[in-house]
Structures are given as C-alpha cells and as structure tokens.
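Just below is one structure, and these are the notes that go with it.
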Amino acid sequence: MRALPICLLAFALSGCSMLNRSPVEPVQSTATPPAPEPTKPKPPRPAPVRIYTNAEELVGKPFRDLGEVTGESCQASNQDSPPNIPTARKRLQINAAKMKANAVLLHSCEVTSGTPGCYRQAVCIGSALNVSAK
C-alpha cells in the first residue's frame, strides 16, 4: 500500500518536469539566410524655410519672389481638435520648401468657419521667396 502513493508522487513530479520543455524541438534550417539589403543613405534635410513677418526685414537683401504659398490646419468636425495656427505656419514652410524657397514673407494667418470639408480652418498665406546671400 505504501508503494502506490510513492509511485503516484514520482509520476506527478516527472509530469511537472515535462512542462518546462517545449513540445517541439526547434529545427535547424539548412537554407541560407537572406542577405540584408544595403541601407540607402537618407537625403540631406533641406535648410529650414525662414519666416519673415515684416517686409522691412528684407530691405537691402536680394530676393526673388517665387509666388504665393498657403498652409492650412483643418478641424473636420466639432468633436475634432481645433485648428492650429502654428501647424498652418509649419505647413506654409513645407509648401514653400517644395517650391525651392528658403524664406516666406508671411501676409496673414486667420481662423475661418464655413470652409467646405472643415468645421473650422486655420489658414496662413505668404509669398515664397528665394533670398540670396550677399
């Protein structure tokens, strides 16, 4: 009678030790791993577009007007976050950089309502400039 509990205890302990092993042994692959793709260097970031808020700052500096540029921040519905003038200014700089400008003369920034597709919208308007160094 004493042998039965000892056998059950030994069986239970050996069963618990089996839980620590993974049920499937990992298979060693004979295929060659794919060669890592060479990383392409990122193109250099363009110089940031400077914002001029006053035309008098440009007096004496040679520049070329590249055209009008805008930046928007849209609040699609009443539940969305409100439009943001700093975001509109940043998008103004991004759009000016796409025009190969290195500066923007900021004309105005305002928040408007009733724009199709936007509950409220922040809009910044300016002139994209290419200011030359003396």
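The chains in the structure tokens are called A, B, ... from first to last as shown; in each chain the residues are counted from 1, and the ligands are counted from 1 in the order shown.
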Self-check item: Near-Cys124 (chain A) list (12 Å; only C-alpha atoms; drop same-chain fewer than 5 positions) as a count of residues only
Solution: 31
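Take CA of Ser127 (chain A) and CA of Tyr52 (chain A): the distance between them is 9.7 Å.
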Practice problem: May I ask which of the residues A:Ala3, A:Ala10, A:Leu66, A:Ala122 is the closest one to Ala97 (chain A), counting only C-alpha atoms? | Solution: A:Leu66
Quiz prompt | Interatomic distance, CA of Ala101 (chain A) to CA of Lys40 (chain A) (Å, one decimal) | solution = 26.4 Å
Quiz prompt | All residues 6 Å or closer to region 54-64 of chain A, only C-alpha atoms, same chain fewer than 2 positions away omitted, as a VMD selection string | solution = chain A and resid 52 129 to 132
Once you have the residues from the selection above, write them out as a JSON list (two decimals), in the first residue's frame, restricted to N, CA and C atoms.
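Result written to result.json:
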```json
[["chain", "number", "residue", "atom", "x", "y", "z"],
["A", 52, "TYR", "N", 9.58, 85.51, -42.53],
["A", 52, "TYR", "CA", 9.67, 86.95, -42.29],
["A", 52, "TYR", "C", 8.25, 87.45, -42.05],
["A", 129, "LEU", "N", 9.86, 83.01, -51.11],
["A", 129, "LEU", "CA", 10.99, 83.81, -51.56],
["A", 129, "LEU", "C", 12.26, 82.97, -51.63],
["A", 130, "ASN", "N", 13.14, 83.38, -52.51],
["A", 130, "ASN", "CA", 14.48, 82.83, -52.55],
["A", 130, "ASN", "C", 15.42, 83.99, -52.24],
["A", 131, "VAL", "N", 15.86, 84.07, -50.99],
["A", 131, "VAL", "CA", 16.71, 85.16, -50.53],
["A", 131, "VAL", "C", 18.16, 84.77, -50.77],
["A", 132, "SER", "N", 18.89, 85.64, -51.49],
["A", 132, "SER", "CA", 20.29, 85.37, -51.80],
["A", 132, "SER", "C", 21.18, 85.95, -50.71]]
```
Give me every helix (DSSP H, G or I) residue in region 31-118 of chain A, going by DSSP on the backbone, as a PDB file with C-alpha atoms, in the first residue's frame.
```pdb
ATOM      1  CA  ALA A  55       8.693  93.320 -45.232  1.00  0.00           C
ATOM      2  CA  GLU A  56      11.170  95.784 -43.726  1.00  0.00           C
ATOM      3  CA  GLU A  57      13.344  92.832 -42.684  1.00  0.00           C
ATOM      4  CA  LEU A  58      14.003  92.190 -46.388  1.00  0.00           C
ATOM      5  CA  ILE A  85      -2.156  78.381 -36.420  1.00  0.00           C
ATOM      6  CA  PRO A  86       1.367  77.036 -35.636  1.00  0.00           C
ATOM      7  CA  THR A  87       0.509  73.908 -37.657  1.00  0.00           C
ATOM      8  CA  ALA A  88      -0.712  76.072 -40.537  1.00  0.00           C
ATOM      9  CA  ARG A  89       2.555  78.070 -40.399  1.00  0.00           C
ATOM     10  CA  LYS A  90       4.608  74.844 -40.460  1.00  0.00           C
ATOM     11  CA  ARG A  91       2.671  73.614 -43.495  1.00  0.00           C
ATOM     12  CA  LEU A  92       3.262  77.008 -45.101  1.00  0.00           C
ATOM     13  CA  GLN A  93       7.008  76.433 -44.664  1.00  0.00           C
ATOM     14  CA  ILE A  94       6.748  72.888 -46.060  1.00  0.00           C
ATOM     15  CA  ASN A  95       4.847  74.089 -49.132  1.00  0.00           C
ATOM     16  CA  ALA A  96       7.382  76.876 -49.664  1.00  0.00           C
ATOM     17  CA  ALA A  97      10.232  74.353 -49.468  1.00  0.00           C
ATOM     18  CA  LYS A  98       8.515  72.344 -52.217  1.00  0.00           C
TER      19      LYS A  98
END
```
Using DSSP on the backbone coordinates, identify all residues within region 55-122 of chain A classified as strand (DSSP E or B); present the result as a PDB file with N, CA and C atoms, in the first residue's frame.
```
ATOM      1  N   PHE A  63      16.367  89.261 -53.210  1.00  0.00           N
ATOM      2  CA  PHE A  63      15.482  88.092 -53.167  1.00  0.00           C
ATOM      3  C   PHE A  63      14.678  88.011 -54.443  1.00  0.00           C
ATOM      4  N   ARG A  64      14.113  86.828 -54.667  1.00  0.00           N
ATOM      5  CA  ARG A  64      13.265  86.588 -55.829  1.00  0.00           C
ATOM      6  C   ARG A  64      11.942  86.016 -55.328  1.00  0.00           C
ATOM      7  N   ASP A  65      10.842  86.594 -55.757  1.00  0.00           N
ATOM      8  CA  ASP A  65       9.511  86.133 -55.366  1.00  0.00           C
ATOM      9  C   ASP A  65       9.135  84.928 -56.228  1.00  0.00           C
ATOM     10  N   LEU A  66       8.841  83.790 -55.584  1.00  0.00           N
ATOM     11  CA  LEU A  66       8.513  82.560 -56.305  1.00  0.00           C
ATOM     12  C   LEU A  66       7.014  82.332 -56.425  1.00  0.00           C
ATOM     13  N   GLY A  67       6.216  83.172 -55.771  1.00  0.00           N
ATOM     14  CA  GLY A  67       4.765  83.032 -55.862  1.00  0.00           C
ATOM     15  C   GLY A  67       4.118  82.906 -54.500  1.00  0.00           C
ATOM     16  N   GLU A  68       2.786  82.874 -54.512  1.00  0.00           N
ATOM     17  CA  GLU A  68       2.023  82.775 -53.273  1.00  0.00           C
ATOM     18  C   GLU A  68       2.014  81.329 -52.768  1.00  0.00           C
ATOM     19  N   VAL A  69       2.024  81.206 -51.456  1.00  0.00           N
ATOM     20  CA  VAL A  69       2.022  79.889 -50.826  1.00  0.00           C
ATOM     21  C   VAL A  69       1.070  79.930 -49.633  1.00  0.00           C
ATOM     22  N   THR A  70       0.414  78.798 -49.361  1.00  0.00           N
ATOM     23  CA  THR A  70      -0.523  78.723 -48.241  1.00  0.00           C
ATOM     24  C   THR A  70      -0.228  77.503 -47.382  1.00  0.00           C
ATOM     25  N   GLY A  71      -0.752  77.535 -46.172  1.00  0.00           N
ATOM     26  CA  GLY A  71      -0.695  76.404 -45.253  1.00  0.00           C
ATOM     27  C   GLY A  71      -1.993  76.355 -44.480  1.00  0.00           C
ATOM     28  N   GLU A  72      -2.551  75.168 -44.290  1.00  0.00           N
ATOM     29  CA  GLU A  72      -3.844  75.024 -43.620  1.00  0.00           C
ATOM     30  C   GLU A  72      -3.784  74.020 -42.494  1.00  0.00           C
ATOM     31  N   SER A  73      -4.697  74.216 -41.529  1.00  0.00           N
ATOM     32  CA  SER A  73      -4.958  73.253 -40.470  1.00  0.00           C
ATOM     33  C   SER A  73      -6.466  73.164 -40.343  1.00  0.00           C
ATOM     34  N   CYS A  74      -7.025  71.974 -40.522  1.00  0.00           N
ATOM     35  CA  CYS A  74      -8.472  71.796 -40.624  1.00  0.00           C
ATOM     36  C   CYS A  74      -9.033  71.056 -39.409  1.00  0.00           C
ATOM     37  N   GLN A  75     -10.156  71.548 -38.908  1.00  0.00           N
ATOM     38  CA  GLN A  75     -10.948  70.835 -37.895  1.00  0.00           C
ATOM     39  C   GLN A  75     -12.147  70.283 -38.644  1.00  0.00           C
ATOM     40  N   ALA A 103      12.741  81.135 -47.851  1.00  0.00           N
ATOM     41  CA  ALA A 103      12.110  82.089 -46.945  1.00  0.00           C
ATOM     42  C   ALA A 103      10.662  82.308 -47.368  1.00  0.00           C
ATOM     43  N   VAL A 104       9.868  82.819 -46.424  1.00  0.00           N
ATOM     44  CA  VAL A 104       8.474  83.163 -46.682  1.00  0.00           C
ATOM     45  C   VAL A 104       8.203  84.511 -46.034  1.00  0.00           C
ATOM     46  N   LEU A 105       7.559  85.399 -46.784  1.00  0.00           N
ATOM     47  CA  LEU A 105       7.058  86.638 -46.216  1.00  0.00           C
ATOM     48  C   LEU A 105       5.604  86.383 -45.846  1.00  0.00           C
ATOM     49  N   LEU A 106       5.330  86.311 -44.547  1.00  0.00           N
ATOM     50  CA  LEU A 106       4.006  85.965 -44.047  1.00  0.00           C
ATOM     51  C   LEU A 106       3.079  87.166 -44.186  1.00  0.00           C
ATOM     52  N   HIS A 107       1.966  86.979 -44.903  1.00  0.00           N
ATOM     53  CA  HIS A 107       0.987  88.048 -45.076  1.00  0.00           C
ATOM     54  C   HIS A 107      -0.057  88.016 -43.965  1.00  0.00           C
ATOM     55  N   SER A 108      -0.646  86.827 -43.723  1.00  0.00           N
ATOM     56  CA  SER A 108      -1.678  86.735 -42.683  1.00  0.00           C
ATOM     57  C   SER A 108      -1.903  85.288 -42.268  1.00  0.00           C
ATOM     58  N   CYS A 109      -2.413  85.147 -41.049  1.00  0.00           N
ATOM     59  CA  CYS A 109      -2.884  83.864 -40.527  1.00  0.00           C
ATOM     60  C   CYS A 109      -4.223  84.138 -39.855  1.00  0.00           C
ATOM     61  N   GLU A 110      -5.220  83.344 -40.179  1.00  0.00           N
ATOM     62  CA  GLU A 110      -6.538  83.541 -39.573  1.00  0.00           C
ATOM     63  C   GLU A 110      -7.281  82.225 -39.471  1.00  0.00           C
ATOM     64  N   VAL A 111      -8.258  82.200 -38.560  1.00  0.00           N
ATOM     65  CA  VAL A 111      -9.126  81.040 -38.379  1.00  0.00           C
ATOM     66  C   VAL A 111     -10.474  81.398 -38.978  1.00  0.00           C
ATOM     67  N   THR A 112     -10.949  80.553 -39.892  1.00  0.00           N
ATOM     68  CA  THR A 112     -12.217  80.810 -40.574  1.00  0.00           C
ATOM     69  C   THR A 112     -13.185  79.660 -40.347  1.00  0.00           C
ATOM     70  N   SER A 113     -14.467  79.924 -40.564  1.00  0.00           N
ATOM     71  CA  SER A 113     -15.520  78.905 -40.478  1.00  0.00           C
ATOM     72  C   SER A 113     -16.226  78.823 -41.821  1.00  0.00           C
ATOM     73  N   ARG A 120     -13.955  74.238 -38.908  1.00  0.00           N
ATOM     74  CA  ARG A 120     -13.161  75.478 -38.782  1.00  0.00           C
ATOM     75  C   ARG A 120     -11.805  75.203 -39.401  1.00  0.00           C
ATOM     76  N   GLN A 121     -11.145  76.256 -39.872  1.00  0.00           N
ATOM     77  CA  GLN A 121      -9.871  76.082 -40.555  1.00  0.00           C
ATOM     78  C   GLN A 121      -8.943  77.253 -40.242  1.00  0.00           C
ATOM     79  N   ALA A 122      -7.678  76.935 -39.958  1.00  0.00           N
ATOM     80  CA  ALA A 122      -6.644  77.956 -39.809  1.00  0.00           C
ATOM     81  C   ALA A 122      -5.881  78.015 -41.121  1.00  0.00           C
TER      82      ALA A 122
END
```
